[in-house]
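File shown: final.cif (mmCIF, C-alpha atoms).
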```cif
data_entry
#
loop_
_atom_site.group_PDB
_atom_site.id
_atom_site.type_symbol
_atom_site.label_atom_id
_atom_site.label_comp_id
_atom_site.auth_asym_id
_atom_site.auth_seq_id
_atom_site.Cartn_x
_atom_site.Cartn_y
_atom_site.Cartn_z
ATOM 1 C CA MET F 1 35.241 73.417 92.288
ATOM 2 C CA GLU F 2 37.937 71.903 94.510
ATOM 3 C CA LEU F 3 37.898 71.234 98.247
ATOM 4 C CA SER F 4 40.832 73.654 98.569
ATOM 5 C CA ASP F 5 38.234 76.351 97.726
ATOM 6 C CA PHE F 6 36.615 75.687 101.131
ATOM 7 C CA THR F 7 37.352 76.364 104.778
ATOM 8 C CA GLY F 8 36.612 73.353 106.994
ATOM 9 C CA LYS F 9 35.643 73.482 110.668
ATOM 10 C CA PRO F 10 33.607 71.526 113.207
ATOM 11 C CA CYS F 11 29.977 72.579 113.329
ATOM 12 C CA ARG F 12 29.148 74.365 116.580
ATOM 13 C CA SER F 13 25.500 73.318 116.800
ATOM 14 C CA ARG F 14 25.665 69.581 116.082
ATOM 15 C CA LEU F 15 27.875 66.541 115.564
ATOM 16 C CA ALA F 16 29.049 67.520 112.097
ATOM 17 C CA TYR F 17 31.878 69.059 110.107
ATOM 18 C CA GLU F 18 31.212 71.864 107.660
ATOM 19 C CA PHE F 19 33.035 73.138 104.606
ATOM 20 C CA VAL F 20 32.255 76.733 103.695
ATOM 21 C CA PRO F 21 33.312 78.161 100.324
ATOM 22 C CA LYS F 22 35.988 80.860 100.511
ATOM 23 C CA ARG F 23 34.210 82.721 97.693
ATOM 24 C CA LYS F 24 30.538 83.242 96.978
ATOM 25 C CA HIS F 25 28.949 80.405 94.970
ATOM 26 C CA SER F 26 25.527 79.753 93.544
ATOM 27 C CA LEU F 27 25.236 76.119 92.571
ATOM 28 C CA ASN F 28 22.643 74.698 90.228
ATOM 29 C CA LEU F 29 21.433 71.967 92.576
ATOM 30 C CA GLU F 30 19.282 70.296 89.916
ATOM 31 C CA LYS F 31 22.384 69.712 87.797
ATOM 32 C CA ALA F 32 24.372 68.728 90.891
ATOM 33 C CA ALA F 33 21.731 66.146 91.857
ATOM 34 C CA LYS F 34 21.887 64.597 88.372
ATOM 35 C CA ASN F 35 25.693 64.308 88.570
ATOM 36 C CA LEU F 36 25.519 62.795 92.040
ATOM 37 C CA LYS F 37 22.824 60.262 91.084
ATOM 38 C CA LYS F 38 24.932 59.306 88.054
ATOM 39 C CA ASN F 39 27.727 58.478 90.529
ATOM 40 C CA ASP F 40 25.423 56.307 92.703
ATOM 41 C CA VAL F 41 25.013 58.846 95.502
ATOM 42 C CA MET F 42 21.751 58.153 97.361
ATOM 43 C CA MET F 43 19.656 61.335 97.364
ATOM 44 C CA ASP F 44 17.234 61.892 100.273
ATOM 45 C CA VAL F 45 16.066 65.473 99.587
ATOM 46 C CA VAL F 46 16.350 67.449 96.358
ATOM 47 C CA SER F 47 15.251 71.088 96.330
ATOM 48 C CA PRO F 48 16.439 74.267 94.600
ATOM 49 C CA TYR F 49 18.220 75.318 97.833
ATOM 50 C CA LEU F 50 19.362 72.079 99.482
ATOM 51 C CA LEU F 51 20.426 68.528 98.673
ATOM 52 C CA MET F 52 20.523 65.903 101.412
ATOM 53 C CA MET F 53 22.230 62.622 100.624
ATOM 54 C CA SER F 54 24.182 59.609 101.858
ATOM 55 C CA LEU F 55 27.742 58.897 100.787
ATOM 56 C CA ASP F 56 30.049 56.262 102.268
ATOM 57 C CA GLY F 57 27.704 55.729 105.210
ATOM 58 C CA LYS F 58 27.550 59.413 106.172
ATOM 59 C CA SER F 59 24.721 61.887 105.722
ATOM 60 C CA LEU F 60 25.607 65.097 103.921
ATOM 61 C CA SER F 61 23.906 68.352 103.042
ATOM 62 C CA LEU F 62 24.870 70.530 100.106
ATOM 63 C CA PHE F 63 23.487 74.050 99.957
ATOM 64 C CA LYS F 64 23.000 76.313 96.945
ATOM 65 C CA SER F 65 25.741 78.524 98.458
ATOM 66 C CA GLY F 66 28.175 75.613 98.086
ATOM 67 C CA LYS F 67 28.345 74.906 101.813
ATOM 68 C CA ILE F 68 28.807 71.196 102.594
ATOM 69 C CA ILE F 69 27.908 69.624 105.938
ATOM 70 C CA VAL F 70 29.215 66.129 106.689
ATOM 71 C CA LYS F 71 27.043 64.870 109.528
ATOM 72 C CA GLU F 72 27.779 62.452 112.365
ATOM 73 C CA THR F 73 31.488 63.261 112.693
ATOM 74 C CA LYS F 74 33.795 65.925 114.102
ATOM 75 C CA ASN F 75 36.848 64.097 112.706
ATOM 76 C CA ALA F 76 38.436 66.473 110.199
ATOM 77 C CA ALA F 77 40.245 63.770 108.199
ATOM 78 C CA LYS F 78 37.152 61.571 107.759
ATOM 79 C CA ALA F 79 34.942 64.541 106.889
ATOM 80 C CA ARG F 80 37.507 65.865 104.393
ATOM 81 C CA LYS F 81 37.728 62.474 102.644
ATOM 82 C CA ILE F 82 33.945 62.321 102.211
ATOM 83 C CA ALA F 83 33.704 65.971 101.121
ATOM 84 C CA GLU F 84 36.489 65.432 98.567
ATOM 85 C CA LYS F 85 34.578 62.501 97.119
ATOM 86 C CA LEU F 86 31.403 64.597 96.950
ATOM 87 C CA VAL F 87 33.213 67.426 95.143
ATOM 88 C CA SER F 88 34.781 64.985 92.678
ATOM 89 C CA HIS F 89 31.311 63.591 91.870
ATOM 90 C CA LEU F 90 30.012 67.133 91.354
ATOM 91 C CA ASN F 91 32.761 67.792 88.826
ATOM 92 C CA ASN F 92 31.932 64.689 86.754
#
```
Using the file provided, produce a representation of the structure as structure tokens.
Amino acid sequence: MELSDFTGKPCRSRLAYEFVPKRKHSLNLEKAAKNLKKNDVMMDVVSPYLLMMSLDGKSLSLFKSGKIIVKETKNAAKARKIAEKLVSHLNN
């Protein structure tokens, strides 16, 4: 998975930026959580449908569908940098 596989846009309902996969995904969030923990990502919520975590001082959500929400920013460049780091940790 690469961030180029996503469409990024500001979230309409809150102060956040979301990255939606261009194609349908079904992530194994248990495996994803293990990879993220291995890369020192602080996990807040782990469920079969949703991961909530902190990375570089920002809160993020990762859904089973592959959708990523970077919270507390509408800045595309900052959100993209954090999402890229998240995706790279998922691929490790």
task = Check what the PyMOL selection byres ((chain F and resi 39) around 12) selects in the file above and give those residues as a ChimeraX atom specification.
result = /F:32-38,40-43,54-55,85-92
Residues from the last selection, C-alpha atoms, saved as a PDB file, in the coordinates of the input:
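The result, stored in result22.pdb:
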```pdb
ATOM      1  CA  ALA F  32      24.372  68.728  90.891  1.00  0.00           C
ATOM      2  CA  ALA F  33      21.731  66.146  91.857  1.00  0.00           C
ATOM      3  CA  LYS F  34      21.887  64.597  88.372  1.00  0.00           C
ATOM      4  CA  ASN F  35      25.693  64.308  88.570  1.00  0.00           C
ATOM      5  CA  LEU F  36      25.519  62.795  92.040  1.00  0.00           C
ATOM      6  CA  LYS F  37      22.824  60.262  91.084  1.00  0.00           C
ATOM      7  CA  LYS F  38      24.932  59.306  88.054  1.00  0.00           C
ATOM      8  CA  ASP F  40      25.423  56.307  92.703  1.00  0.00           C
ATOM      9  CA  VAL F  41      25.013  58.846  95.502  1.00  0.00           C
ATOM     10  CA  MET F  42      21.751  58.153  97.361  1.00  0.00           C
ATOM     11  CA  MET F  43      19.656  61.335  97.364  1.00  0.00           C
ATOM     12  CA  SER F  54      24.182  59.609 101.858  1.00  0.00           C
ATOM     13  CA  LEU F  55      27.742  58.897 100.787  1.00  0.00           C
ATOM     14  CA  LYS F  85      34.578  62.501  97.119  1.00  0.00           C
ATOM     15  CA  LEU F  86      31.403  64.597  96.950  1.00  0.00           C
ATOM     16  CA  VAL F  87      33.213  67.426  95.143  1.00  0.00           C
ATOM     17  CA  SER F  88      34.781  64.985  92.678  1.00  0.00           C
ATOM     18  CA  HIS F  89      31.311  63.591  91.870  1.00  0.00           C
ATOM     19  CA  LEU F  90      30.012  67.133  91.354  1.00  0.00           C
ATOM     20  CA  ASN F  91      32.761  67.792  88.826  1.00  0.00           C
ATOM     21  CA  ASN F  92      31.932  64.689  86.754  1.00  0.00           C
TER      22      ASN F  92
END
```
task = Taking the point (30.8, 64.6, 105.1) as given in the file, collect each protein or nucleic acid residue that comes within 10 Å of it, counting all atoms listed in the file, and present the set as a ChimeraX atom specification.
result = /F:16-19,53-62,68-86
Same residues, C-alpha atoms, output as a short mmCIF file (atom, residue, chain, number, x, y, z; two decimals), in the coordinates of the input:
```cif
data_model
loop_
_atom_site.label_atom_id
_atom_site.label_comp_id
_atom_site.auth_asym_id
_atom_site.auth_seq_id
_atom_site.Cartn_x
_atom_site.Cartn_y
_atom_site.Cartn_z
CA ALA F 16 29.05 67.52 112.10
CA TYR F 17 31.88 69.06 110.11
CA GLU F 18 31.21 71.86 107.66
CA PHE F 19 33.03 73.14 104.61
CA MET F 53 22.23 62.62 100.62
CA SER F 54 24.18 59.61 101.86
CA LEU F 55 27.74 58.90 100.79
CA ASP F 56 30.05 56.26 102.27
CA GLY F 57 27.70 55.73 105.21
CA LYS F 58 27.55 59.41 106.17
CA SER F 59 24.72 61.89 105.72
CA LEU F 60 25.61 65.10 103.92
CA SER F 61 23.91 68.35 103.04
CA LEU F 62 24.87 70.53 100.11
CA ILE F 68 28.81 71.20 102.59
CA ILE F 69 27.91 69.62 105.94
CA VAL F 70 29.22 66.13 106.69
CA LYS F 71 27.04 64.87 109.53
CA GLU F 72 27.78 62.45 112.36
CA THR F 73 31.49 63.26 112.69
CA LYS F 74 33.80 65.92 114.10
CA ASN F 75 36.85 64.10 112.71
CA ALA F 76 38.44 66.47 110.20
CA ALA F 77 40.24 63.77 108.20
CA LYS F 78 37.15 61.57 107.76
CA ALA F 79 34.94 64.54 106.89
CA ARG F 80 37.51 65.86 104.39
CA LYS F 81 37.73 62.47 102.64
CA ILE F 82 33.94 62.32 102.21
CA ALA F 83 33.70 65.97 101.12
CA GLU F 84 36.49 65.43 98.57
CA LYS F 85 34.58 62.50 97.12
CA LEU F 86 31.40 64.60 96.95
#
```
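Candidate residues F:Pro48, F:Glu2, F:Gly8, F:Leu15 were compared for distance to Leu27 in chain F, and the nearest is F:Pro48, using all atoms listed in the file.
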7 Å contact set for Ser26 in chain F, all atoms listed in the file, chain neighbours under 5 positions out, as an mmCIF file with C-alpha atoms, in the frame of the given file:
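Output file selection_3.cif follows:
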```cif
data_model
loop_
_atom_site.group_PDB
_atom_site.id
_atom_site.type_symbol
_atom_site.label_atom_id
_atom_site.label_comp_id
_atom_site.auth_asym_id
_atom_site.auth_seq_id
_atom_site.Cartn_x
_atom_site.Cartn_y
_atom_site.Cartn_z
ATOM 1 C CA LYS F 64 23.000 76.313 96.945
ATOM 2 C CA SER F 65 25.741 78.524 98.458
ATOM 3 C CA GLY F 66 28.175 75.613 98.086
#
```
query = Expressed in Å to a single decimal, how great is the separation between CA of Lys9 in chain F and CA of Glu30 in chain F?
reply = 26.6 Å
